[in-house]
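To keep things clear, I will list the structure first and then write my remarks on it.
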Amino acid sequence: MRLIFLGPPGAGKGTQAERICSTYGIIQLSTGDILRENRRNGTELGKLAQKYMDAGELVPDNIIIDMIKAELQKPALKTGYLLDGFPRTINQALALDSLLEEMNQKLDAVLILEVPNEELIKRLTARRTCKSCGKSYHLIFNPPRKENICDVCGGELFQRDDDKEEPILNRLKVYENQTKPLINYYTEKSIAKYINGVGDIDEIFTRIKAILDKV
């Protein structure tokens, strides 16, 4: 099974991706992880990417695609994979299409986790971090035992600037502008699968499973 997973910040994509991979025996491929691994291992692609990053520039699509190609050729990925964080643009989607055609592979589905902005803001603004040890909490899903006090070290909890409403609204706007054309692209190819991302974790996974069991 070969999948792409799309969803806005705060949609719970990470939690659901773990469940999907565990249930269907596939591997999650995050472009961020692939990039870090190549840099850490000092591969030629990693060194090339580092030059762009050192110059404060985005790593070009062709380098990312070459890294993904190298990953997809690994024997462990024969059973399938879930692409997370790629593609982000139409150009990247077209490049991925070309790569999969070259490798004689095809995508089974593009999962789109949908959550209204009001719910996303409620979730994202509820994050708190310990000033002393850095442990993260969530006032809705993972609250501290004592209000505003860290369970681990007793430090004071605070709300990071990027967890406040205005930066979150900006992130959601960027996601929508970048991703809407991509969603339309995969919808036209008839492989987009829309999932209601509101509800508890088990409920959402049941919806995902109902779709994947038919793929």
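Just so we're on the same page: first chain in the structure tokens is A, next is B, and so on; residues restart at 1 for each chain, and ligands are numbered from 1 in the order they show up.
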
At a cut-off of 9 Å, can you tabulate as JSON lines every residue of segment 44-95 of chain A near segment 23-38 of chain A together with its closest atom pair and the distance in Å to one decimal, using only C-alpha atoms and ordering rows by chain then number?
```
{"residue": "A:Glu44", "atom": "CA", "partner": "A:Asn38", "partner_atom": "CA", "distance": 8.1}
{"residue": "A:Leu45", "atom": "CA", "partner": "A:Asn38", "partner_atom": "CA", "distance": 6.7}
{"residue": "A:Gly46", "atom": "CA", "partner": "A:Asn38", "partner_atom": "CA", "distance": 4.4}
{"residue": "A:Lys47", "atom": "CA", "partner": "A:Asn38", "partner_atom": "CA", "distance": 7.9}
{"residue": "A:Ala49", "atom": "CA", "partner": "A:Leu35", "partner_atom": "CA", "distance": 7.9}
{"residue": "A:Ile64", "atom": "CA", "partner": "A:Thr31", "partner_atom": "CA", "distance": 7.5}
{"residue": "A:Met67", "atom": "CA", "partner": "A:Ile34", "partner_atom": "CA", "distance": 7.1}
{"residue": "A:Ile68", "atom": "CA", "partner": "A:Ile34", "partner_atom": "CA", "distance": 7.6}
{"residue": "A:Glu71", "atom": "CA", "partner": "A:Ile34", "partner_atom": "CA", "distance": 8.0}
{"residue": "A:Ala76", "atom": "CA", "partner": "A:Ile27", "partner_atom": "CA", "distance": 8.0}
{"residue": "A:Leu77", "atom": "CA", "partner": "A:Ile27", "partner_atom": "CA", "distance": 6.6}
{"residue": "A:Lys78", "atom": "CA", "partner": "A:Ile26", "partner_atom": "CA", "distance": 8.6}
{"residue": "A:Thr79", "atom": "CA", "partner": "A:Ile26", "partner_atom": "CA", "distance": 6.0}
{"residue": "A:Gly80", "atom": "CA", "partner": "A:Ile26", "partner_atom": "CA", "distance": 4.9}
{"residue": "A:Tyr81", "atom": "CA", "partner": "A:Ile27", "partner_atom": "CA", "distance": 4.6}
{"residue": "A:Leu82", "atom": "CA", "partner": "A:Gln28", "partner_atom": "CA", "distance": 4.7}
{"residue": "A:Leu83", "atom": "CA", "partner": "A:Leu29", "partner_atom": "CA", "distance": 4.9}
{"residue": "A:Asp84", "atom": "CA", "partner": "A:Ser30", "partner_atom": "CA", "distance": 4.9}
{"residue": "A:Gly85", "atom": "CA", "partner": "A:Ser30", "partner_atom": "CA", "distance": 5.9}
{"residue": "A:Phe86", "atom": "CA", "partner": "A:Thr31", "partner_atom": "CA", "distance": 6.4}
```

For Ala11 of chain A: contacts at 8 Å, only C-alpha atoms, fewer than 2 positions along chain excluded, given as a tab-separated table (two decimals) with N, CA and C atoms, in the first residue's frame:
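around-v2.tsv was written with the following content:
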```tsv
chain	number	residue	atom	x	y	z
A	7	GLY	N	-2.79	17.03	5.74
A	7	GLY	CA	-3.65	17.56	6.80
A	7	GLY	C	-3.01	18.78	7.40
A	8	PRO	N	-3.81	19.72	7.90
A	8	PRO	CA	-3.27	20.96	8.46
A	8	PRO	C	-2.58	20.74	9.80
A	9	PRO	N	-1.78	21.73	10.25
A	9	PRO	CA	-1.17	21.63	11.59
A	9	PRO	C	-2.26	21.44	12.63
A	13	LYS	N	-2.31	14.31	12.47
A	13	LYS	CA	-1.76	13.46	11.42
A	13	LYS	C	-0.69	12.49	11.95
A	113	LEU	N	-6.94	14.66	5.82
A	113	LEU	CA	-7.58	14.77	7.13
A	113	LEU	C	-8.14	16.19	7.27
A	114	GLU	N	-9.46	16.27	7.38
A	114	GLU	CA	-10.12	17.58	7.42
A	114	GLU	C	-10.58	17.93	8.83
A	115	VAL	N	-10.15	19.12	9.29
A	115	VAL	CA	-10.56	19.63	10.60
A	115	VAL	C	-10.84	21.12	10.44
A	120	LEU	N	-8.96	23.47	15.04
A	120	LEU	CA	-7.50	23.47	15.00
A	120	LEU	C	-6.93	24.52	15.95
A	197	GLY	N	-11.70	14.67	10.52
A	197	GLY	CA	-10.69	14.56	11.58
A	197	GLY	C	-11.15	15.05	12.93
```

**Request:** Tell me, as a list of chain:residue names, which residues lie within 7 Å of segment 122-138 of chain A, counting only C-alpha atoms; anything in the same chain fewer than 4 positions away does not count.
**Result:** A:Gly10, A:Glu118, A:Asn142, A:Pro143, A:Pro144, A:Cys150, A:Cys153, A:Gly155, A:Glu156, A:Leu157, A:Phe158, A:Gln159, A:Asp163, A:Lys164, A:Glu165

**Request:** Could you please determine the separation between atom CA of Met53 of chain A and atom CA of Arg171 of chain A in Å, to one decimal place?
**Result:**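 Between atom CA of Met53 of chain A and atom CA of Arg171 of chain A the gap works out to 21.4 Å.
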
**Request:** Identify, with DSSP run on backbone atoms, the residues in segment 34-180 of chain A assigned to strand (DSSP E), and express the list as number ranges by chain.
**Result:** A: 81-84, 109-114, 127-130, 136-138, 157-158

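Remark: for Ile204 of chain A, the closest of the candidate residues A:Thr15, A:Leu99, A:Ala70, A:Leu6 is A:Thr15 (distances computed over only C-alpha atoms).
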
**Message:** Taking only C-alpha atoms into account, name the residue in A:Thr206, A:Val110, A:Leu58, A:Asp213 that is nearest to Ser190 of chain A.
**Reply:**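 Among the listed residues, the smallest separation from Ser190 of chain A belongs to A:Val110.
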
**Asked** From the set A:Ile168, A:Ile183, A:Ala55, A:Leu111, which residue has the shortest atom-to-atom contact distance to Arg207 of chain A, counting only C-alpha atoms?
**Response**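 Comparing A:Ile168, A:Ile183, A:Ala55, A:Leu111 against Arg207 of chain A, the winner is A:Leu111.
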
**Complete:** Judged by only C-alpha atoms, the minimum distance to Val198 of chain A among A:Gly12, A:Gly154, A:Pro167, A:Gly42 is found for A:Gly12

**Prompt:** Per DSSP on the backbone, what are the alpha helix (DSSP H) residues of segment 92-178 of chain A, as JSON, numbers by chain?
**Reply:** {"A": [92, 93, 94, 95, 96, 97, 98, 99, 100, 101, 102, 117, 118, 119, 120, 121, 122, 123, 124, 165, 166, 167, 168, 169, 170, 171, 172, 173, 174, 175, 176, 177, 178]}

Output N, CA and C atoms for every residue in that selection, as a short mmCIF file (atom, residue, chain, number, x, y, z; two decimals), in the first residue's frame.
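And here is the file that came out, out.cif:
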```
data_model
loop_
_atom_site.label_atom_id
_atom_site.label_comp_id
_atom_site.auth_asym_id
_atom_site.auth_seq_id
_atom_site.Cartn_x
_atom_site.Cartn_y
_atom_site.Cartn_z
N GLN A 92 6.09 19.48 -7.07
CA GLN A 92 6.59 18.29 -6.36
C GLN A 92 5.72 17.08 -6.67
N ALA A 93 4.42 17.28 -6.79
CA ALA A 93 3.51 16.17 -7.12
C ALA A 93 3.80 15.62 -8.51
N LEU A 94 4.07 16.52 -9.45
CA LEU A 94 4.39 16.09 -10.82
C LEU A 94 5.72 15.33 -10.84
N ALA A 95 6.69 15.83 -10.07
CA ALA A 95 7.99 15.14 -10.00
C ALA A 95 7.83 13.76 -9.37
N LEU A 96 6.98 13.67 -8.34
CA LEU A 96 6.73 12.38 -7.70
C LEU A 96 6.05 11.42 -8.67
N ASP A 97 5.09 11.92 -9.44
CA ASP A 97 4.41 11.09 -10.46
C ASP A 97 5.43 10.49 -11.43
N SER A 98 6.35 11.33 -11.88
CA SER A 98 7.38 10.87 -12.84
C SER A 98 8.26 9.80 -12.20
N LEU A 99 8.64 10.03 -10.93
CA LEU A 99 9.49 9.07 -10.23
C LEU A 99 8.77 7.73 -10.07
N LEU A 100 7.50 7.75 -9.66
CA LEU A 100 6.75 6.51 -9.46
C LEU A 100 6.55 5.76 -10.77
N GLU A 101 6.33 6.52 -11.84
CA GLU A 101 6.18 5.88 -13.16
C GLU A 101 7.49 5.20 -13.56
N GLU A 102 8.59 5.88 -13.31
CA GLU A 102 9.93 5.33 -13.61
C GLU A 102 10.18 4.05 -12.81
N ASN A 117 -11.02 25.11 11.01
CA ASN A 117 -10.04 26.01 11.62
C ASN A 117 -10.32 26.29 13.09
N GLU A 118 -11.61 26.43 13.45
CA GLU A 118 -11.95 26.73 14.85
C GLU A 118 -11.44 25.62 15.77
N GLU A 119 -11.61 24.38 15.33
CA GLU A 119 -11.16 23.23 16.12
C GLU A 119 -9.63 23.19 16.18
N LEU A 120 -8.96 23.47 15.04
CA LEU A 120 -7.50 23.47 15.00
C LEU A 120 -6.93 24.52 15.95
N ILE A 121 -7.52 25.71 15.94
CA ILE A 121 -7.05 26.79 16.82
C ILE A 121 -7.23 26.39 18.28
N LYS A 122 -8.38 25.77 18.58
CA LYS A 122 -8.64 25.32 19.95
C LYS A 122 -7.57 24.31 20.38
N ARG A 123 -7.24 23.37 19.48
CA ARG A 123 -6.23 22.34 19.81
C ARG A 123 -4.84 22.95 19.96
N LEU A 124 -4.45 23.79 18.99
CA LEU A 124 -3.07 24.29 18.95
C LEU A 124 -2.79 25.32 20.04
N GLU A 165 -2.67 32.48 19.02
CA GLU A 165 -3.63 32.44 17.92
C GLU A 165 -3.13 33.06 16.62
N GLU A 166 -2.50 34.22 16.69
CA GLU A 166 -2.11 34.90 15.44
C GLU A 166 -1.11 34.09 14.60
N PRO A 167 0.00 33.61 15.21
CA PRO A 167 0.92 32.77 14.42
C PRO A 167 0.25 31.51 13.87
N ILE A 168 -0.67 30.93 14.67
CA ILE A 168 -1.36 29.71 14.23
C ILE A 168 -2.23 30.01 13.01
N LEU A 169 -2.95 31.14 13.04
CA LEU A 169 -3.78 31.54 11.89
C LEU A 169 -2.92 31.71 10.64
N ASN A 170 -1.72 32.27 10.82
CA ASN A 170 -0.80 32.43 9.67
C ASN A 170 -0.37 31.08 9.12
N ARG A 171 -0.06 30.14 10.01
CA ARG A 171 0.35 28.80 9.58
C ARG A 171 -0.77 28.11 8.81
N LEU A 172 -2.00 28.28 9.30
CA LEU A 172 -3.14 27.65 8.64
C LEU A 172 -3.40 28.27 7.27
N LYS A 173 -3.16 29.57 7.16
CA LYS A 173 -3.34 30.27 5.88
C LYS A 173 -2.30 29.76 4.87
N VAL A 174 -1.06 29.62 5.32
CA VAL A 174 0.01 29.11 4.45
C VAL A 174 -0.33 27.69 3.98
N TYR A 175 -0.78 26.86 4.92
CA TYR A 175 -1.14 25.48 4.57
C TYR A 175 -2.24 25.47 3.51
N GLU A 176 -3.27 26.29 3.72
CA GLU A 176 -4.40 26.30 2.79
C GLU A 176 -3.95 26.76 1.40
N ASN A 177 -3.15 27.83 1.36
CA ASN A 177 -2.69 28.35 0.06
C ASN A 177 -1.82 27.35 -0.68
N GLN A 178 -0.95 26.66 0.07
CA GLN A 178 -0.03 25.70 -0.54
C GLN A 178 -0.75 24.42 -0.95
#
```
